[in-house]
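Chemist: So here's upload_28.txt (compact mmCIF, C-alpha atoms).
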```txt
# COMPACT_ATOMS: atom_id res chain seq x y z
CA MET A 17 29.53 13.36 205.61
CA SER A 18 26.28 13.94 207.48
CA LEU A 19 25.93 16.23 210.47
CA GLN A 20 25.49 13.25 212.77
CA ASP A 21 28.67 11.67 211.37
CA GLU A 22 30.60 14.89 211.96
CA LEU A 23 29.37 15.14 215.55
CA THR A 24 30.25 11.51 216.18
CA ALA A 25 33.76 12.07 214.79
CA VAL A 26 34.24 15.08 217.06
CA GLU A 27 33.02 13.04 220.01
CA ARG A 28 35.54 10.28 219.22
CA ASN A 29 38.35 12.82 218.94
CA LEU A 30 37.33 14.37 222.25
CA ASP A 31 37.32 10.92 223.87
CA ASP A 32 40.89 10.43 222.57
CA LEU A 33 41.87 13.81 224.02
CA VAL A 34 40.37 12.94 227.41
CA ARG A 35 42.30 9.65 227.47
CA SER A 36 45.54 11.44 226.52
CA VAL A 37 45.05 14.03 229.25
CA GLY A 38 44.42 11.18 231.71
CA ARG A 39 47.74 9.58 230.76
CA LEU A 40 49.49 12.94 231.19
CA GLU A 41 47.86 13.37 234.57
CA VAL A 42 49.26 10.01 235.71
CA ARG A 43 52.76 10.98 234.53
CA LEU A 44 52.76 14.60 235.76
CA GLY A 45 50.67 14.34 238.89
CA GLY A 46 47.71 16.50 239.84
CA GLY A 47 49.26 19.94 239.60
CA LEU A 48 47.41 23.13 238.76
CA ASP A 49 48.27 23.05 235.06
CA ILE A 50 46.97 19.53 234.46
CA ARG A 51 43.83 20.29 236.50
CA ARG A 52 43.18 23.26 234.21
CA VAL A 53 43.58 21.08 231.12
CA ARG A 54 41.28 18.45 232.68
CA SER A 55 38.73 21.19 233.39
CA ASP A 56 39.00 22.41 229.80
CA THR A 57 38.33 18.92 228.44
CA ASP A 58 35.31 18.63 230.75
CA HIS A 59 34.00 21.95 229.42
CA LEU A 60 34.54 20.76 225.85
CA ARG A 61 32.54 17.62 226.60
CA GLN A 62 29.68 19.71 228.04
CA SER A 63 29.78 22.11 225.10
CA LEU A 64 29.71 19.25 222.61
CA ALA A 65 26.69 17.74 224.38
CA LEU A 66 24.88 21.08 224.10
CA LEU A 67 25.87 21.36 220.45
CA LYS A 68 24.57 17.88 219.71
CA GLN A 69 21.33 18.69 221.48
CA SER A 70 20.76 21.91 219.56
CA ALA A 71 21.81 20.32 216.27
CA THR A 72 19.29 17.53 216.66
CA CYS A 73 16.47 19.96 217.52
CA GLY A 74 17.08 22.66 214.90
CA PRO A 75 15.71 22.88 211.34
CA ALA A 76 19.11 22.02 209.83
CA ALA A 77 18.97 18.65 211.61
CA ARG A 78 15.70 17.89 209.85
CA GLY A 79 17.19 18.74 206.46
CA GLN A 80 15.49 22.12 206.23
CA ALA A 81 17.33 25.21 205.13
CA VAL A 82 17.50 27.98 207.67
CA ALA A 83 16.52 31.22 205.96
CA ALA A 84 17.58 34.53 207.41
CA GLU A 85 14.71 36.96 207.81
CA MET A 86 15.36 40.26 206.12
CA VAL A 87 14.26 43.34 208.08
CA THR A 88 13.96 46.66 206.29
CA ILE A 89 14.82 49.76 208.30
CA SER A 90 13.52 53.03 206.98
CA ASP A 91 15.83 56.02 206.43
CA ALA A 92 13.02 58.37 207.50
CA PRO A 93 13.66 60.21 210.78
CA TYR A 94 12.00 58.87 213.91
CA ASN A 95 9.18 60.76 215.57
CA SER A 96 10.95 63.10 218.03
CA ALA A 97 8.14 62.57 220.57
CA LEU A 98 9.59 59.09 221.13
CA TRP A 99 12.64 60.68 222.76
CA ALA A 100 10.90 63.40 224.82
CA GLY A 101 12.51 63.66 228.26
CA ALA A 102 15.27 61.16 227.46
CA ASP A 103 18.98 61.88 227.77
CA ASP A 104 21.63 60.60 225.38
CA GLU A 105 23.89 58.52 227.60
CA GLY A 106 26.80 59.15 225.29
CA LEU A 107 26.65 62.93 225.68
CA GLY A 108 25.47 63.35 229.25
CA SER A 109 22.55 65.30 230.58
CA ARG A 110 20.87 68.00 228.48
CA HIS A 111 20.03 69.81 231.69
CA GLY A 112 23.64 70.87 232.39
CA HIS A 113 24.21 68.79 235.51
CA ALA A 114 25.50 65.33 236.25
CA PRO A 115 22.96 62.67 237.24
```
Using structure tokens, write down the structure from this file.
Modeler:
Amino acid sequence: MSLQDELTAVERNLDDLVRSVGRLEVRLGGGLDIRRVRSDTDHLRQSLALLKQSATCGPAARGQAVAAEMVTISDAPYNSALWAGADDEGLGSRHGHAP
């Protein structure tokens, strides 16, 4: 199943959920609990729209593999001049007093 097919299936399922929540709202009234569920379904709809937008713009949508860039971090110690005058927030001030 293609990405577009998957997104369309999710959209259909979400539409079914919205309709079901609407039927519950008619039966239960507009109490706080049903308003929260309605709000959640609205948020899901917004999130799905954002997901569809990003999926259609990204490299995976164009059939390209997304490669993770490997970054090598040296085990050599950093130049101590980089930290001159800085305090380690985890240990407090080196000057013996609180900030």
Chemist: Quick one: distance from CA of Leu23 (chain A) to CA of Lys68 (chain A) in Å, one decimal?
Modeler: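 Going from CA of Leu23 (chain A) over to CA of Lys68 (chain A), I get 6.9 Å.
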Chemist: Can you list, as a list of chain:residue names, every protein, DNA or RNA residue that comes within 12 Å of Gly38 (chain A) when you count only C-alpha atoms, leaving out same-chain residues fewer than 2 positions away?
Modeler: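 That gives A:Asp31, A:Asp32, A:Leu33, A:Val34, A:Arg35, A:Ser36, A:Leu40, A:Glu41, A:Val42, A:Arg43, A:Leu44, A:Gly45, A:Gly46, A:Ile50, A:Arg51, A:Val53, A:Arg54, A:Ser55, A:Thr57, A:Asp58.
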Chemist: What is the distance between CA of Asp103 (chain A) and CA of Val87 (chain A), in Å to one decimal?
Modeler: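 Spanning CA of Asp103 (chain A) to CA of Val87 (chain A) is a straight-line distance of 27.5 Å.
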Chemist: Could you tell me how far CA of Glu85 (chain A) lies from CA of Ala71 (chain A), in Å and to one decimal?
Modeler: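 So the answer is 20.0 Å.
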Chemist: Find the residue from A:Cys73, A:Ala83, A:Val37, A:Leu30 that sits nearest to Leu60 (chain A); use only C-alpha atoms when measuring.
Modeler: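 Using only C-alpha atoms, Leu60 (chain A) sits closest to A:Leu30.
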Chemist: Can I get a file of region 35-62 of chain A from the given structure, N, CA and C atoms kept, as an mmCIF file, in the first residue's frame?
Modeler:
```cif
data_model
loop_
_atom_site.group_PDB
_atom_site.id
_atom_site.type_symbol
_atom_site.label_atom_id
_atom_site.label_comp_id
_atom_site.auth_asym_id
_atom_site.auth_seq_id
_atom_site.Cartn_x
_atom_site.Cartn_y
_atom_site.Cartn_z
ATOM 1 N N ARG A 35 -17.905 11.117 12.832
ATOM 2 C CA ARG A 35 -19.352 10.855 12.736
ATOM 3 C C ARG A 35 -19.861 10.130 13.979
ATOM 4 N N SER A 36 -19.095 9.158 14.473
ATOM 5 C CA SER A 36 -19.506 8.418 15.678
ATOM 6 C C SER A 36 -19.566 9.326 16.895
ATOM 7 N N VAL A 37 -18.597 10.209 17.020
ATOM 8 C CA VAL A 37 -18.605 11.159 18.140
ATOM 9 C C VAL A 37 -19.807 12.093 18.005
ATOM 10 N N GLY A 38 -20.145 12.486 16.791
ATOM 11 C CA GLY A 38 -21.328 13.327 16.578
ATOM 12 C C GLY A 38 -22.601 12.641 17.034
ATOM 13 N N ARG A 39 -22.714 11.343 16.724
ATOM 14 C CA ARG A 39 -23.906 10.586 17.171
ATOM 15 C C ARG A 39 -23.936 10.502 18.699
ATOM 16 N N LEU A 40 -22.769 10.270 19.310
ATOM 17 C CA LEU A 40 -22.718 10.241 20.779
ATOM 18 C C LEU A 40 -23.111 11.581 21.377
ATOM 19 N N GLU A 41 -22.675 12.646 20.733
ATOM 20 C CA GLU A 41 -22.980 13.985 21.231
ATOM 21 C C GLU A 41 -24.488 14.239 21.218
ATOM 22 N N VAL A 42 -25.162 13.749 20.185
ATOM 23 C CA VAL A 42 -26.624 13.897 20.107
ATOM 24 C C VAL A 42 -27.276 13.120 21.240
ATOM 25 N N ARG A 43 -26.787 11.917 21.519
ATOM 26 C CA ARG A 43 -27.399 11.070 22.551
ATOM 27 C C ARG A 43 -27.064 11.539 23.963
ATOM 28 N N LEU A 44 -25.837 12.026 24.178
ATOM 29 C CA LEU A 44 -25.396 12.374 25.537
ATOM 30 C C LEU A 44 -25.529 13.852 25.868
ATOM 31 N N GLY A 45 -25.723 14.670 24.885
ATOM 32 C CA GLY A 45 -25.776 16.106 25.130
ATOM 33 C C GLY A 45 -24.375 16.708 25.032
ATOM 34 N N GLY A 46 -24.279 17.966 25.334
ATOM 35 C CA GLY A 46 -23.016 18.693 25.159
ATOM 36 C C GLY A 46 -22.227 18.864 26.431
ATOM 37 N N GLY A 47 -22.108 17.817 27.221
ATOM 38 C CA GLY A 47 -21.364 17.910 28.468
ATOM 39 C C GLY A 47 -19.860 18.063 28.248
ATOM 40 N N LEU A 48 -19.160 18.260 29.330
ATOM 41 C CA LEU A 48 -17.718 18.479 29.297
ATOM 42 C C LEU A 48 -16.977 17.305 28.659
ATOM 43 N N ASP A 49 -17.351 16.091 29.028
ATOM 44 C CA ASP A 49 -16.641 14.921 28.507
ATOM 45 C C ASP A 49 -16.749 14.805 26.995
ATOM 46 N N ILE A 50 -17.933 14.995 26.455
ATOM 47 C CA ILE A 50 -18.111 14.868 25.010
ATOM 48 C C ILE A 50 -17.445 16.033 24.291
ATOM 49 N N ARG A 51 -17.416 17.209 24.916
ATOM 50 C CA ARG A 51 -16.706 18.346 24.302
ATOM 51 C C ARG A 51 -15.214 18.066 24.228
ATOM 52 N N ARG A 52 -14.689 17.392 25.249
ATOM 53 C CA ARG A 52 -13.261 17.037 25.224
ATOM 54 C C ARG A 52 -12.971 16.040 24.110
ATOM 55 N N VAL A 53 -13.850 15.054 23.942
ATOM 56 C CA VAL A 53 -13.663 14.074 22.870
ATOM 57 C C VAL A 53 -13.777 14.769 21.517
ATOM 58 N N ARG A 54 -14.730 15.668 21.365
ATOM 59 C CA ARG A 54 -14.891 16.431 20.123
ATOM 60 C C ARG A 54 -13.620 17.233 19.843
ATOM 61 N N SER A 55 -13.083 17.862 20.877
ATOM 62 C CA SER A 55 -11.850 18.639 20.732
ATOM 63 C C SER A 55 -10.684 17.737 20.312
ATOM 64 N N ASP A 56 -10.630 16.553 20.901
ATOM 65 C CA ASP A 56 -9.564 15.604 20.534
ATOM 66 C C ASP A 56 -9.672 15.185 19.070
ATOM 67 N N THR A 57 -10.894 14.957 18.595
ATOM 68 C CA THR A 57 -11.050 14.567 17.188
ATOM 69 C C THR A 57 -10.667 15.731 16.265
ATOM 70 N N ASP A 58 -10.971 16.957 16.695
ATOM 71 C CA ASP A 58 -10.565 18.128 15.905
ATOM 72 C C ASP A 58 -9.040 18.229 15.842
ATOM 73 N N HIS A 59 -8.392 17.972 16.963
ATOM 74 C CA HIS A 59 -6.918 18.004 16.991
ATOM 75 C C HIS A 59 -6.335 16.902 16.105
ATOM 76 N N LEU A 60 -6.957 15.723 16.137
ATOM 77 C CA LEU A 60 -6.497 14.643 15.260
ATOM 78 C C LEU A 60 -6.618 15.045 13.788
ATOM 79 N N ARG A 61 -7.706 15.691 13.446
ATOM 80 C CA ARG A 61 -7.897 16.127 12.055
ATOM 81 C C ARG A 61 -6.809 17.131 11.662
ATOM 82 N N GLN A 62 -6.505 18.077 12.548
ATOM 83 C CA GLN A 62 -5.460 19.060 12.268
ATOM 84 C C GLN A 62 -4.087 18.384 12.157
#
```
